[in-house]
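Right, one structure below, let's go through it.
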Amino acid sequence: MLDTPRTELELEKINRLLDSHSTLMDAYQQLESIILGLFDAERMSIFQRRRQSQDLSARFKTGSETREIKVPISPQSIAGYVALAQLPLLIANPYNSEELSSIHPRLRFEDKFDKSSSFTTRNILCVPILNSGVLLGVLQVINKRKGDFSDSDLQIAQDLAKIIGNKFRYELGGTQQPFQFLVHNNLISDSELKKVTESSKDNRQLIQRLVSEQRISEDQIGQALSIHYQVPFLTFNPDKYHLYQSDSKLNSSYLKRNLVAVIADVSDNPIVLMSEPNNAALLMEIESALGIESYEICVALPNAVLQYLGEGGGGGSAPGAMDDILDEIGTSSEVQDDSQEEMSDDAPAVVRLVSRILHDAKRLNASDIHVDPEKNGPTRVRMRVDGVCRDITQVPASHHSAVIARIKIMSNLNIAEKRVPQDGKIAVRMSGQLVEVRVATIPTVAGEGVVMRILASGGAMPMEKMNLSPRNMAMLKEMIKKPHGIILVVGPTGSGKTTTLHAVLGDLNTADKKIWTAEDPVEITQPGLQQVQVNAKIGFTFANALRAFLRADPDIILIGEMRDKETAQAGIEASLTGHLVLSTLHTNSAPETITRLLDLGLDPVNFSDACVGILAQRLIRTICPNCKEPHVPSEDDIAFIKRQYGQEFLDEINLDDIQLYHGKGCDECGDTGYKGRTGVHELLTMTPGLRSLVYKEASVHDMKAQAMTDGMRTLTQDGIYKVLKGDTDIAQLQIISGAE
């Protein structure tokens, strides 16, 4: 144990040393020898937090190496974890993974620095350098010469970190209080700031008063917060940033209460936006819930955080609230009744209304928007969310024509032609993302109706997120390893077939494979694929695209849909000549697909030889995670599960003490109890037994029985697996079993 009087003398000596030098860099050479002597250690590093990026930089370190060390503020390193948690650590052996995982499951020791030199790290003492509750850096002392670092060493290190923290604060031009920079720049006097601070109940009210009473701009306040908290400042900019999409359990009420938004830039790099980024406990909760390894931390004013979370007005390019726009339209329609003139399609309220409808659809994650005219009544605007249509709002009948005309202008359609259906597209930027909307107008007896399909945007979903059962995942992984053959994904429109195919392609997409895709339209893009948009109007069909691909040296070909015998025949031929072909078909089940293709006139022998497997799927609604509640199943529920799964297969599922779930209904899910959808799957593998039945053109019933003997489980059986897993409920399963 160190001698306390000696320690106090050494700390005082360090204090005087720092006072006598203008920067830490100037003092470091002398400081290093004192600190190493104080702890009887071999090496030390002082990591400095870099304000414009979420990492630490060790500019000052012991040893002959002069290169800069950078580590992220995350559990991926010991210094990074100490910075994130703002807690001190004593590590007896950094190479002991059990010791590290007991501190944090993802804590790792960066041994690359040891590997690049002859130095070996034996033990570590690491403490955060804080000032006014703000993280400024990390002090790390390595390899105590005799024994391990003690609790006494830890206390000395924390006292030392306080001294260095004071020096760091001044060196980095920081401030002791969040708004002290405003005083330094003569934007407000010290006494005025004190008066405003004391009379405000929280920072949100304080900022409002600084803006309204002191005429200080939000940018100046943001700069003050950035300097104090040592992180970048962000304003509300929906064209550049959007809410980060993840599977985290962070609900909006929690985020709003803590004034935190998790956003992402156009490259989908996550950013944790906080009004008070020095709250280490809150940051650790969010980091744990997100489960991501790298992200940036930024500060924002409270109203900007709430705007990203959908409160406090749109700002930027987002249109106003729907109620305000409809109030404005209501006022204008009263004026219109007197003048008997139609509302113009470029009227500001109509432009904003159409923009608001599109933004609301994106926010609700709707797949389709329906603008339905009614005879002698207002126009209904409905959206299909999670496969179910939902009434959103009503537009006065007087504005129907103007709204339709506005949509037609945006999609380059003929606004004068109202007698025939028209098709077009809109490309609109929402929340920083370019979204493509397919538009179809249809004349009805009540006027023109419009259906807008919001096309999926972004990259491919990983196969692991498809929610396949372990059996189906293993079978599908084996299938896609085949060098040639044809794999079909089947199901009705909107059952996620394209998403599944791109997930499979994402797994197959390696540098040694040449992959061509023909799609209508190209919704999901992936680097490394050669993707082609077919156009039937000019004769560029799926069959023509497939023939062109065969001249382009492919390994794998994706054909968007086998709509006719010509395309199906070309796909079979391509698979038999050494290519892996993926495609879709609109059939209800996997065995039924075989008879459908044979009915088209395909040769049974060629098809059975070419076919590797068929995946049938549906999308069913999942229980809202925010209001999910367990319940004990009734006898009817158990009987339904047993009947639908089949007595001969019941040993595959455990029905002892089962617990089912349902959604109670909350604001998050619009009181429906459901949020999001997941897939249920039926995977048929072409086995010798099934192949012989295909040769004979056997019935669907016989082929289904053979496929189930070979390991296939039906859509309903897979749905039961998802019910028992807690993803969905029996009500959703009954929809599938009724349709099967």
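Residues in the structure tokens are named by chain (A, B, ... in the order shown) and by number from 1 within that chain; ligands are numbered from 1 in the order shown.
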ask   = Neighbours of Asn588 (chain A) within 8 Å (only C-alpha atoms; same-chain residues fewer than 2 positions away dropped), as number ranges by chain?
value = A: 490-492, 586, 590, 592-593, 616, 740
Written file, previous selection with N, CA and C atoms, as a compact mmCIF listing (two decimals), in the first residue's frame:
```
# COMPACT_ATOMS: atom_id res chain seq x y z
N VAL A 490 -43.06 -18.91 -53.64
CA VAL A 490 -44.44 -18.74 -54.12
C VAL A 490 -45.33 -18.17 -53.02
N GLY A 491 -46.41 -17.54 -53.46
CA GLY A 491 -47.36 -16.95 -52.53
C GLY A 491 -48.13 -15.84 -53.23
N PRO A 492 -49.19 -15.33 -52.60
CA PRO A 492 -49.98 -14.26 -53.22
C PRO A 492 -49.20 -12.94 -53.26
N HIS A 586 -47.28 -17.10 -58.42
CA HIS A 586 -48.45 -16.82 -57.59
C HIS A 586 -49.27 -18.09 -57.38
N ALA A 590 -46.72 -25.00 -51.76
CA ALA A 590 -45.57 -25.55 -52.48
C ALA A 590 -45.96 -26.72 -53.39
N GLU A 592 -48.83 -27.42 -54.73
CA GLU A 592 -49.71 -26.90 -55.78
C GLU A 592 -48.91 -26.25 -56.92
N THR A 593 -47.75 -25.70 -56.58
CA THR A 593 -46.89 -25.06 -57.58
C THR A 593 -46.47 -26.04 -58.67
N ALA A 616 -43.09 -21.82 -50.10
CA ALA A 616 -44.34 -21.05 -50.07
C ALA A 616 -44.34 -20.20 -48.80
N GLU A 740 -55.55 -21.79 -46.39
CA GLU A 740 -54.75 -22.91 -46.93
C GLU A 740 -55.62 -23.99 -47.53
```
request  = Extract, using only C-alpha atoms, all DNA, RNA and protein residues at most 12 Å from Leu602 (chain A), discarding same-chain residues fewer than 2 positions from it, and format them as a PyMOL selection string.
outcome  = chain A and resi 564-573+594-600+604-610+694-695+697
key: Nearby residues (only C-alpha atoms) at most 12 Å from Asp151 (chain A), same-chain spacing under 6 positions excluded, as a PyMOL selection string   = chain A and resi 1-2+39+88-91+125+157-158
I need the chosen residues saved as a short mmCIF file (atom, residue, chain, number, x, y, z; two decimals), in the first residue's frame, with C-alpha atoms.
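Written out: out03.cif:
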```
data_model
loop_
_atom_site.label_atom_id
_atom_site.label_comp_id
_atom_site.auth_asym_id
_atom_site.auth_seq_id
_atom_site.Cartn_x
_atom_site.Cartn_y
_atom_site.Cartn_z
CA MET A 1 0.00 0.00 0.00
CA LEU A 2 1.30 3.44 -0.92
CA PHE A 39 1.93 3.63 -9.26
CA PRO A 88 -13.28 3.01 -13.18
CA LEU A 89 -11.89 -0.49 -13.85
CA LEU A 90 -9.21 -2.72 -12.36
CA ILE A 91 -8.31 -5.56 -14.75
CA LEU A 125 -5.91 0.40 -14.10
CA ALA A 157 -6.01 7.38 -9.95
CA GLN A 158 -9.45 8.98 -9.48
#
```
ask   = Tell me, which residues of region 404-476 of chain A carry DSSP helix (DSSP H, G or I), written as a ChimeraX atom specification?
value = /A:404-410,463-466,470-476
Preceding selection exported with C-alpha atoms as an mmCIF file, in the first residue's frame:
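File produced: result.cif:
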```cif
data_model
loop_
_atom_site.group_PDB
_atom_site.id
_atom_site.type_symbol
_atom_site.label_atom_id
_atom_site.label_comp_id
_atom_site.auth_asym_id
_atom_site.auth_seq_id
_atom_site.Cartn_x
_atom_site.Cartn_y
_atom_site.Cartn_z
ATOM 1 C CA ILE A 404 -56.202 13.715 -57.696
ATOM 2 C CA ALA A 405 -54.807 16.308 -60.129
ATOM 3 C CA ARG A 406 -51.906 17.036 -57.763
ATOM 4 C CA ILE A 407 -51.044 13.314 -57.535
ATOM 5 C CA LYS A 408 -51.254 12.999 -61.340
ATOM 6 C CA ILE A 409 -48.917 15.978 -61.841
ATOM 7 C CA MET A 410 -46.391 14.470 -59.413
ATOM 8 C CA MET A 463 -31.437 -14.410 -43.955
ATOM 9 C CA GLU A 464 -31.178 -14.646 -40.155
ATOM 10 C CA LYS A 465 -33.920 -11.990 -39.826
ATOM 11 C CA MET A 466 -36.418 -13.886 -42.027
ATOM 12 C CA PRO A 470 -34.469 -23.913 -37.560
ATOM 13 C CA ARG A 471 -35.586 -26.848 -39.764
ATOM 14 C CA ASN A 472 -36.477 -24.595 -42.714
ATOM 15 C CA MET A 473 -33.327 -22.475 -42.313
ATOM 16 C CA ALA A 474 -31.086 -25.555 -42.420
ATOM 17 C CA MET A 475 -32.941 -26.968 -45.461
ATOM 18 C CA LEU A 476 -32.859 -23.654 -47.345
#
```
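For the atom pair formed by CA of Asn186 (chain A) and CA of Gln205 (chain A), the distance is 21.3 Å, given to one decimal.
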Determine, using only C-alpha atoms, which residues of region 128-174 of chain A have any atom at most 10 Å from an atom of region 268-286 of chain A, and tabulate each with its shortest atom pair and distance in Å to one decimal place, rows ordered by chain and then rising number, as CSV.
```
residue,atom,partner,partner_atom,distance
A:Leu130,CA,A:Asn278,CA,9.8
A:Ser132,CA,A:Asn278,CA,9.4
A:Gly133,CA,A:Asn278,CA,6.4
A:Val134,CA,A:Asn278,CA,5.3
A:Leu135,CA,A:Asn278,CA,7.0
```
If you run DSSP on the backbone, which residues of region 594-640 of chain A are strand (DSSP E), as an mmCIF file with N, CA and C atoms, in the first residue's frame?
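Output below, filename out33.cif:
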```
data_model
loop_
_atom_site.group_PDB
_atom_site.id
_atom_site.type_symbol
_atom_site.label_atom_id
_atom_site.label_comp_id
_atom_site.auth_asym_id
_atom_site.auth_seq_id
_atom_site.Cartn_x
_atom_site.Cartn_y
_atom_site.Cartn_z
ATOM 1 N N CYS A 611 -35.815 -28.828 -60.579
ATOM 2 C CA CYS A 611 -36.300 -28.207 -59.328
ATOM 3 C C CYS A 611 -35.487 -28.670 -58.114
ATOM 4 N N VAL A 612 -34.965 -27.709 -57.364
ATOM 5 C CA VAL A 612 -34.245 -27.992 -56.114
ATOM 6 C C VAL A 612 -35.213 -27.925 -54.943
ATOM 7 N N GLY A 613 -36.070 -26.901 -54.935
ATOM 8 C CA GLY A 613 -37.031 -26.752 -53.849
ATOM 9 C C GLY A 613 -38.001 -25.626 -54.115
ATOM 10 N N ILE A 614 -39.101 -25.631 -53.348
ATOM 11 C CA ILE A 614 -40.133 -24.595 -53.475
ATOM 12 C C ILE A 614 -40.464 -24.095 -52.078
ATOM 13 N N LEU A 615 -40.402 -22.772 -51.894
ATOM 14 C CA LEU A 615 -40.729 -22.152 -50.606
ATOM 15 C C LEU A 615 -42.023 -21.357 -50.762
ATOM 16 N N ALA A 616 -43.089 -21.818 -50.095
ATOM 17 C CA ALA A 616 -44.336 -21.049 -50.071
ATOM 18 C C ALA A 616 -44.339 -20.197 -48.802
ATOM 19 N N GLN A 617 -44.887 -18.987 -48.885
ATOM 20 C CA GLN A 617 -44.893 -18.151 -47.684
ATOM 21 C C GLN A 617 -46.081 -17.201 -47.647
ATOM 22 N N ARG A 618 -46.383 -16.749 -46.447
ATOM 23 C CA ARG A 618 -47.388 -15.710 -46.193
ATOM 24 C C ARG A 618 -46.802 -14.752 -45.170
ATOM 25 N N LEU A 619 -47.381 -13.577 -45.075
ATOM 26 C CA LEU A 619 -47.021 -12.646 -44.006
ATOM 27 C C LEU A 619 -48.179 -12.563 -43.026
ATOM 28 N N ILE A 620 -47.884 -12.707 -41.743
ATOM 29 C CA ILE A 620 -48.930 -12.556 -40.723
ATOM 30 C C ILE A 620 -48.509 -11.468 -39.736
ATOM 31 N N ARG A 621 -49.494 -10.850 -39.142
ATOM 32 C CA ARG A 621 -49.220 -9.748 -38.206
ATOM 33 C C ARG A 621 -48.603 -10.286 -36.917
ATOM 34 N N THR A 622 -47.669 -9.503 -36.383
ATOM 35 C CA THR A 622 -47.013 -9.904 -35.129
ATOM 36 C C THR A 622 -47.548 -9.061 -33.977
ATOM 37 N N ILE A 623 -47.477 -9.629 -32.794
ATOM 38 C CA ILE A 623 -47.990 -8.961 -31.592
ATOM 39 C C ILE A 623 -47.117 -7.754 -31.269
ATOM 40 N N LYS A 628 -47.550 -6.433 -25.336
ATOM 41 C CA LYS A 628 -47.644 -7.896 -25.376
ATOM 42 C C LYS A 628 -47.869 -8.451 -23.979
ATOM 43 N N GLU A 629 -48.871 -9.343 -23.844
ATOM 44 C CA GLU A 629 -49.195 -9.917 -22.540
ATOM 45 C C GLU A 629 -49.341 -11.440 -22.659
ATOM 46 N N PRO A 630 -48.844 -12.175 -21.676
ATOM 47 C CA PRO A 630 -49.036 -13.637 -21.707
ATOM 48 C C PRO A 630 -50.429 -14.020 -21.225
ATOM 49 N N HIS A 631 -50.929 -15.149 -21.688
ATOM 50 C CA HIS A 631 -52.187 -15.676 -21.147
ATOM 51 C C HIS A 631 -52.168 -17.198 -21.251
#
```
query = For Ser469 (chain A), which of A:Gly679, A:Ala92, A:Ala731, A:Ile14 is the closest residue, counting only C-alpha atoms?
reply =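 Among A:Gly679, A:Ala92, A:Ala731, A:Ile14, it is A:Gly679 that comes nearest to Ser469 (chain A).
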inquiry  = With only C-alpha atoms as the counted atoms, please give the residues lying no more than 12 Å from Glu218 (chain A), apart from itself and same-chain residues fewer than 5 positions off, as a PyMOL selection string.
reply    = chain A and resi 179+182+206-212+223-225+233-236+300-304
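Using only C-alpha atoms for every distance, the candidate list A:Ser252, A:Thr577, A:Thr499, A:Ser692 yields A:Thr499 as the residue closest to Gly560 (chain A).
Computed from the coordinates, the CA of Gln140 (chain A) to CA of Leu290 (chain A) distance equals 27.8 Å.
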message = I want to know what sits within 12 Å of region 305-311 of chain A, based on only C-alpha atoms, with residues of the same chain fewer than 4 positions away left out; could you give that as a PyMOL selection string?
response = chain A and resi 204+233-244+250-264+271-276+298-301+315-316+318-321+359-360+363-364+431-432
key: Surrounding residues of Leu11 (chain A) excluding itself and chain neighbours under 2 positions, 9 Å, only C-alpha atoms, as a ChimeraX atom specification   = /A:6-9,13-16,35,38,156,159-160,163
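Of the residues under consideration (A:Val266, A:Gly711, A:Pro591, A:Gln732), A:Val266 shows the shortest atom-to-atom contact distance to Leu434 (chain A) when counting only C-alpha atoms.
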